[in-house]
Structures are given as C-alpha cells and as structure tokens.
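What follows is model33.pdb (PDB, C-alpha atoms).
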```pdb
ATOM      1  CA  MET V 165      70.017  80.072  89.674  1.00  0.00           C
ATOM      2  CA  PRO V 166      73.569  81.365  88.963  1.00  0.00           C
ATOM      3  CA  PRO V 167      76.441  79.725  90.912  1.00  0.00           C
ATOM      4  CA  ARG V 168      77.556  81.483  94.070  1.00  0.00           C
ATOM      5  CA  SER V 169      80.738  83.521  93.940  1.00  0.00           C
ATOM      6  CA  ARG V 170      83.732  81.872  95.628  1.00  0.00           C
ATOM      7  CA  GLN V 171      84.030  85.000  97.762  1.00  0.00           C
ATOM      8  CA  PHE V 172      80.982  83.843  99.754  1.00  0.00           C
ATOM      9  CA  ASP V 173      81.967  80.205 100.308  1.00  0.00           C
ATOM     10  CA  HIS V 174      83.484  80.804 103.758  1.00  0.00           C
ATOM     11  CA  PRO V 175      80.966  79.688 106.418  1.00  0.00           C
ATOM     12  CA  ILE V 176      81.551  82.649 108.747  1.00  0.00           C
ATOM     13  CA  SER V 177      82.212  85.664 106.560  1.00  0.00           C
ATOM     14  CA  GLY V 178      82.077  86.549 102.891  1.00  0.00           C
ATOM     15  CA  THR V 179      85.023  88.915 103.287  1.00  0.00           C
ATOM     16  CA  TYR V 180      87.418  86.576 105.126  1.00  0.00           C
ATOM     17  CA  LEU V 181      89.866  85.363 102.499  1.00  0.00           C
ATOM     18  CA  ASP V 182      93.255  84.420 103.914  1.00  0.00           C
ATOM     19  CA  LYS V 183      94.942  84.325 107.328  1.00  0.00           C
ATOM     20  CA  GLN V 184      98.676  83.768 107.692  1.00  0.00           C
ATOM     21  CA  VAL V 185     101.085  83.712 110.635  1.00  0.00           C
ATOM     22  CA  ALA V 186     103.794  86.246 109.872  1.00  0.00           C
ATOM     23  CA  ARG V 187     106.024  85.617 112.848  1.00  0.00           C
ATOM     24  CA  VAL V 188     106.289  83.975 116.225  1.00  0.00           C
ATOM     25  CA  LEU V 189     109.323  85.332 118.035  1.00  0.00           C
ATOM     26  CA  ALA V 190     110.110  83.901 121.442  1.00  0.00           C
ATOM     27  CA  ALA V 191     112.684  86.686 121.826  1.00  0.00           C
ATOM     28  CA  LEU V 192     112.577  89.813 119.714  1.00  0.00           C
ATOM     29  CA  PRO V 193     115.813  91.251 118.288  1.00  0.00           C
ATOM     30  CA  LEU V 194     117.337  93.996 120.424  1.00  0.00           C
ATOM     31  CA  ALA V 195     117.079  97.752 119.893  1.00  0.00           C
ATOM     32  CA  ASN V 196     117.665  98.983 116.344  1.00  0.00           C
ATOM     33  CA  ALA V 197     118.331  95.444 115.078  1.00  0.00           C
ATOM     34  CA  TYR V 198     115.259  94.410 113.123  1.00  0.00           C
ATOM     35  CA  ASP V 199     114.410  90.790 112.478  1.00  0.00           C
ATOM     36  CA  ALA V 200     116.896  89.871 109.729  1.00  0.00           C
ATOM     37  CA  ALA V 201     114.653  87.346 107.977  1.00  0.00           C
ATOM     38  CA  PRO V 202     110.978  88.282 108.325  1.00  0.00           C
ATOM     39  CA  LEU V 203     108.559  85.846 106.723  1.00  0.00           C
ATOM     40  CA  GLU V 204     107.130  86.841 103.359  1.00  0.00           C
ATOM     41  CA  LEU V 205     103.359  86.717 103.015  1.00  0.00           C
ATOM     42  CA  VAL V 206     101.745  86.370  99.600  1.00  0.00           C
ATOM     43  CA  CYS V 207      98.957  88.930  99.229  1.00  0.00           C
ATOM     44  CA  ALA V 208      98.391  89.275  95.469  1.00  0.00           C
ATOM     45  CA  GLY V 209      94.751  90.089  94.755  1.00  0.00           C
ATOM     46  CA  PHE V 210      93.942  91.452  98.228  1.00  0.00           C
ATOM     47  CA  ASN V 211      93.610  95.130  99.129  1.00  0.00           C
ATOM     48  CA  MET V 212      93.519  95.082 102.945  1.00  0.00           C
ATOM     49  CA  ALA V 213      95.645  93.488 105.631  1.00  0.00           C
ATOM     50  CA  MET V 214      94.612  93.349 109.277  1.00  0.00           C
ATOM     51  CA  ILE V 215      97.825  92.918 111.247  1.00  0.00           C
ATOM     52  CA  ASN V 216      97.280  91.375 114.689  1.00  0.00           C
ATOM     53  CA  ILE V 217     100.270  91.596 117.023  1.00  0.00           C
ATOM     54  CA  THR V 218     100.486  89.984 120.443  1.00  0.00           C
ATOM     55  CA  TYR V 219     103.371  91.620 122.313  1.00  0.00           C
ATOM     56  CA  THR V 220     104.673  90.723 125.758  1.00  0.00           C
ATOM     57  CA  THR V 221     107.312  93.088 127.070  1.00  0.00           C
ATOM     58  CA  GLY V 222     110.368  91.805 128.855  1.00  0.00           C
ATOM     59  CA  ASN V 223     110.490  94.971 130.959  1.00  0.00           C
ATOM     60  CA  PRO V 224     107.012  95.976 132.247  1.00  0.00           C
ATOM     61  CA  GLY V 225     106.238  99.638 131.765  1.00  0.00           C
ATOM     62  CA  ALA V 226     109.262 100.312 129.567  1.00  0.00           C
ATOM     63  CA  GLY V 227     109.337  97.878 126.632  1.00  0.00           C
ATOM     64  CA  ASP V 228     108.371  98.884 123.104  1.00  0.00           C
ATOM     65  CA  ILE V 229     107.959  96.862 119.948  1.00  0.00           C
ATOM     66  CA  GLY V 230     108.902  98.499 116.667  1.00  0.00           C
ATOM     67  CA  PHE V 231     107.682  97.069 113.381  1.00  0.00           C
ATOM     68  CA  ARG V 232     108.451  97.981 109.792  1.00  0.00           C
ATOM     69  CA  ILE V 233     106.222  96.918 106.909  1.00  0.00           C
ATOM     70  CA  GLU V 234     107.751  96.338 103.497  1.00  0.00           C
ATOM     71  CA  GLN V 235     105.976  95.510 100.245  1.00  0.00           C
ATOM     72  CA  SER V 236     107.152  93.844  97.042  1.00  0.00           C
ATOM     73  CA  ASN V 237     105.711  94.194  93.567  1.00  0.00           C
ATOM     74  CA  ASP V 238     107.791  91.206  92.472  1.00  0.00           C
ATOM     75  CA  PRO V 239     106.164  87.741  92.718  1.00  0.00           C
ATOM     76  CA  THR V 240     109.497  86.229  93.811  1.00  0.00           C
ATOM     77  CA  GLY V 241     110.041  88.807  96.596  1.00  0.00           C
ATOM     78  CA  THR V 242     113.332  90.083  95.181  1.00  0.00           C
ATOM     79  CA  ASP V 243     112.571  93.831  95.378  1.00  0.00           C
ATOM     80  CA  TRP V 244     111.281  95.308  98.653  1.00  0.00           C
ATOM     81  CA  TYR V 245     109.933  98.797  99.312  1.00  0.00           C
ATOM     82  CA  ALA V 246     109.298 100.392 102.696  1.00  0.00           C
ATOM     83  CA  VAL V 247     105.935 101.943 103.498  1.00  0.00           C
ATOM     84  CA  ALA V 248     106.563 105.684 103.605  1.00  0.00           C
ATOM     85  CA  SER V 249     105.399 108.647 105.661  1.00  0.00           C
ATOM     86  CA  ILE V 250     104.914 111.955 103.873  1.00  0.00           C
ATOM     87  CA  ASP V 251     104.900 115.429 105.412  1.00  0.00           C
ATOM     88  CA  GLN V 252     105.069 118.960 104.082  1.00  0.00           C
ATOM     89  CA  THR V 253     107.219 121.672 105.584  1.00  0.00           C
ATOM     90  CA  GLY V 254     104.691 124.242 104.416  1.00  0.00           C
ATOM     91  CA  ILE V 255     102.937 125.478 101.307  1.00  0.00           C
ATOM     92  CA  VAL V 256     104.121 128.727  99.822  1.00  0.00           C
ATOM     93  CA  ALA V 257     102.515 130.402  96.819  1.00  0.00           C
ATOM     94  CA  ASN V 258     104.520 130.911  93.608  1.00  0.00           C
ATOM     95  CA  VAL V 259     107.364 128.533  94.532  1.00  0.00           C
ATOM     96  CA  ASP V 260     108.022 124.807  94.470  1.00  0.00           C
ATOM     97  CA  ASN V 261     107.085 123.133  97.746  1.00  0.00           C
ATOM     98  CA  LEU V 262     109.070 120.485  99.567  1.00  0.00           C
ATOM     99  CA  ASP V 263     107.516 117.166 100.612  1.00  0.00           C
ATOM    100  CA  LEU V 264     109.451 115.091 103.103  1.00  0.00           C
ATOM    101  CA  VAL V 265     109.270 111.336 102.402  1.00  0.00           C
ATOM    102  CA  GLN V 266     110.764 108.895 104.876  1.00  0.00           C
ATOM    103  CA  ARG V 267     110.505 105.186 105.686  1.00  0.00           C
ATOM    104  CA  SER V 268     107.743 104.692 108.223  1.00  0.00           C
ATOM    105  CA  ILE V 269     108.359 102.629 111.338  1.00  0.00           C
ATOM    106  CA  ARG V 270     105.587 101.968 113.834  1.00  0.00           C
ATOM    107  CA  ARG V 271     106.253 101.641 117.537  1.00  0.00           C
ATOM    108  CA  TYR V 272     104.009 100.406 120.335  1.00  0.00           C
ATOM    109  CA  GLY V 273     104.841 100.909 124.013  1.00  0.00           C
ATOM    110  CA  ALA V 274     103.650  98.323 126.511  1.00  0.00           C
ATOM    111  CA  VAL V 275     101.562  99.551 129.422  1.00  0.00           C
ATOM    112  CA  GLY V 276     101.853  96.441 131.595  1.00  0.00           C
ATOM    113  CA  ALA V 277     103.486  93.047 132.025  1.00  0.00           C
ATOM    114  CA  ALA V 278     100.708  90.935 130.458  1.00  0.00           C
ATOM    115  CA  ALA V 279     100.493  90.157 126.748  1.00  0.00           C
ATOM    116  CA  GLU V 280      98.976  93.076 124.839  1.00  0.00           C
ATOM    117  CA  GLN V 281      96.969  92.920 121.634  1.00  0.00           C
ATOM    118  CA  ILE V 282      97.642  95.414 118.848  1.00  0.00           C
ATOM    119  CA  LEU V 283      95.542  95.706 115.688  1.00  0.00           C
ATOM    120  CA  TYR V 284      96.892  97.598 112.693  1.00  0.00           C
ATOM    121  CA  ALA V 285      95.053  97.994 109.362  1.00  0.00           C
ATOM    122  CA  LEU V 286      97.088  98.302 106.170  1.00  0.00           C
ATOM    123  CA  ARG V 287      95.749  99.235 102.748  1.00  0.00           C
ATOM    124  CA  ILE V 288      97.501  97.203 100.054  1.00  0.00           C
ATOM    125  CA  GLN V 289      97.908  98.963  96.715  1.00  0.00           C
ATOM    126  CA  ARG V 290      97.383  97.278  93.353  1.00  0.00           C
ATOM    127  CA  GLY V 291     100.407  95.421  92.118  1.00  0.00           C
ATOM    128  CA  VAL V 292     101.700  94.453  95.566  1.00  0.00           C
ATOM    129  CA  GLU V 293     102.476  90.727  95.504  1.00  0.00           C
ATOM    130  CA  ARG V 294     103.987  90.182  98.984  1.00  0.00           C
ATOM    131  CA  ILE V 295     104.436  91.911 102.308  1.00  0.00           C
ATOM    132  CA  ARG V 296     106.794  91.250 105.188  1.00  0.00           C
ATOM    133  CA  ILE V 297     106.882  92.681 108.704  1.00  0.00           C
ATOM    134  CA  ALA V 298     110.223  93.043 110.467  1.00  0.00           C
ATOM    135  CA  CYS V 299     110.150  93.828 114.182  1.00  0.00           C
ATOM    136  CA  MET V 300     112.426  94.550 117.119  1.00  0.00           C
ATOM    137  CA  ASP V 301     112.271  95.241 120.856  1.00  0.00           C
ATOM    138  CA  THR V 302     113.614  98.620 121.960  1.00  0.00           C
ATOM    139  CA  GLU V 303     114.527  97.304 125.408  1.00  0.00           C
ATOM    140  CA  ALA V 304     118.257  96.646 125.600  1.00  0.00           C
ATOM    141  CA  VAL V 305     118.208  94.281 128.602  1.00  0.00           C
ATOM    142  CA  ASN V 306     115.067  92.146 128.889  1.00  0.00           C
ATOM    143  CA  VAL V 307     113.635  91.542 125.437  1.00  0.00           C
ATOM    144  CA  GLY V 308     110.001  90.661 124.947  1.00  0.00           C
ATOM    145  CA  SER V 309     108.187  88.282 122.620  1.00  0.00           C
ATOM    146  CA  ALA V 310     105.757  88.751 119.755  1.00  0.00           C
ATOM    147  CA  GLN V 311     103.375  86.875 117.510  1.00  0.00           C
ATOM    148  CA  ILE V 312     102.094  88.452 114.304  1.00  0.00           C
ATOM    149  CA  GLU V 313      99.083  87.167 112.348  1.00  0.00           C
ATOM    150  CA  VAL V 314      97.828  88.827 109.189  1.00  0.00           C
ATOM    151  CA  THR V 315      94.356  88.448 107.692  1.00  0.00           C
ATOM    152  CA  PHE V 316      94.068  89.540 104.061  1.00  0.00           C
ATOM    153  CA  THR V 317      90.698  90.652 102.767  1.00  0.00           C
ATOM    154  CA  MET V 318      89.042  92.511  99.947  1.00  0.00           C
ATOM    155  CA  GLY V 319      88.010  95.484 102.063  1.00  0.00           C
ATOM    156  CA  GLY V 320      86.157  98.629 101.111  1.00  0.00           C
TER     157      GLY V 320
END
```
As structure tokens, what does this structure read like?
Amino acid sequence: MPPRSRQFDHPISGTYLDKQVARVLAALPLANAYDAAPLELVCAGFNMAMINITYTTGNPGAGDIGFRIEQSNDPTGTDWYAVASIDQTGIVANVDNLDLVQRSIRRYGAVGAAAEQILYALRIQRGVERIRIACMDTEAVNVGSAQIEVTFTMGG
C-alpha cells in the first residue's frame, strides 16, 4: 500500500493546512489611519485564505471596520502589493478601452453592539509568499476592537 499523502494527515479535514492569527487589536486605529504594522502571514504554497474577523464596534449602529489586504511575492516581505479592483467605463468598438484599476479596501458596517463575525474568502495567486491585513475603525470617537484569524488551504 502506498504511503498516505501528508495533505490527509490532519484528523479533522484533508484540506485544513494552516491557521494563523493575523491580529488582535484591543482598539482599532481611528478613521483613515490603518494599522501601521500589520502582521505578515506566510502563505507560500497555498491558494486560498479564509479570513475570519471578529469585530466589536465602539459605537453601536454606526461603527465600521475597514480592512486592506496586501500581498508580497518576496519571501522576506520587502515588496507589498495591494489587492486591486478593476472596472470598465464602457466598451466601444474600434477604439482603445479604458480599465480603471484601484486599490481595493473592504468595509463592514456593524449592525449591533455585540461582537460580529465576518468571513471573507481570498484567492491567493501563484508566487504570493506572504499576506498582511491592515485595518482601521471609521468611528472617530469610540473605536471598536477586532481579531483576525486566517486559515490557508489548497482550495478548488
């Protein structure tokens, strides 16, 4: 009988490969001031990241958490690239068309005072060695808190 693949050695799931805590922030940075030193997570060899965020607003009904995902193709984490959003202004025949490319920032608005769970799936492209997730609270008076955990897998 051939030896089992290491991928299937985990007792619960054959696709669970790595879980890392990206950040525990007792107080998020204030509006438009992202976390200056987000933790770097090594993800070489994985192609999916499930980002689990627990957010508690400091201002029920009004607080938002913003998070920005950056990726590095450098094993030392020297060069960082923002995940981008792409949009087209329109397609016109017989002329060059303009694509708008801009850094993508995600924002989640709290609906209550209790801790809220957010799940975000990220496809990791080949060659990405590390990711980091910077976040902020958009509330200018009573900042909230956040915990971010990331599970890396070899998804479909």
May I ask for the distance between atom CA of Gly291 of chain V and atom CA of Ala200 of chain V, given in Å to one decimal place? 24.8 Å
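Atom pair atom CA of Pro193 of chain V / atom CA of Leu264 of chain V: separated by 29.0 Å.
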Which of these residues is nearest to Gly276 of chain V, using only C-alpha atoms: V:Val185, V:Ala201, V:Ile288, V:Ala226? V:Ala226
Matched chain/residue IDs from the PyMOL selection byres ((chain V and resi 218) around 8), as a count of residues only: 11
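Each of V:Glu303, V:Asp251, V:Asp263, V:Glu204 was compared to Ile233 of chain V using only C-alpha atoms, and V:Glu204 turns out to be the nearest.
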When you get a chance, write out N, CA and C atoms for segment 243-254 of chain V, as a compact mmCIF listing (two decimals), in the coordinates of the input.
```txt
# COMPACT_ATOMS: atom_id res chain seq x y z
N ASP V 243 112.52 92.38 95.13
CA ASP V 243 112.57 93.83 95.38
C ASP V 243 111.61 94.19 96.50
N TRP V 244 112.11 94.92 97.51
CA TRP V 244 111.28 95.31 98.65
C TRP V 244 111.28 96.81 98.82
N TYR V 245 110.11 97.36 99.15
CA TYR V 245 109.93 98.80 99.31
C TYR V 245 109.29 99.07 100.66
N ALA V 246 109.83 100.03 101.38
CA ALA V 246 109.30 100.39 102.70
C ALA V 246 108.05 101.25 102.54
N VAL V 247 107.09 101.05 103.43
CA VAL V 247 105.94 101.94 103.50
C VAL V 247 106.46 103.29 103.96
N ALA V 248 106.01 104.36 103.33
CA ALA V 248 106.56 105.68 103.60
C ALA V 248 105.59 106.58 104.36
N SER V 249 106.16 107.55 105.06
CA SER V 249 105.40 108.65 105.66
C SER V 249 105.72 109.90 104.87
N ILE V 250 104.72 110.72 104.66
CA ILE V 250 104.91 111.96 103.87
C ILE V 250 104.45 113.14 104.71
N ASP V 251 105.24 114.21 104.68
CA ASP V 251 104.90 115.43 105.41
C ASP V 251 105.34 116.62 104.58
N GLN V 252 104.68 117.73 104.77
CA GLN V 252 105.07 118.96 104.08
C GLN V 252 105.61 119.94 105.10
N THR V 253 106.67 120.65 104.70
CA THR V 253 107.22 121.67 105.58
C THR V 253 106.34 122.92 105.57
N GLY V 254 105.59 123.10 104.53
CA GLY V 254 104.69 124.24 104.42
C GLY V 254 104.38 124.47 102.95
```
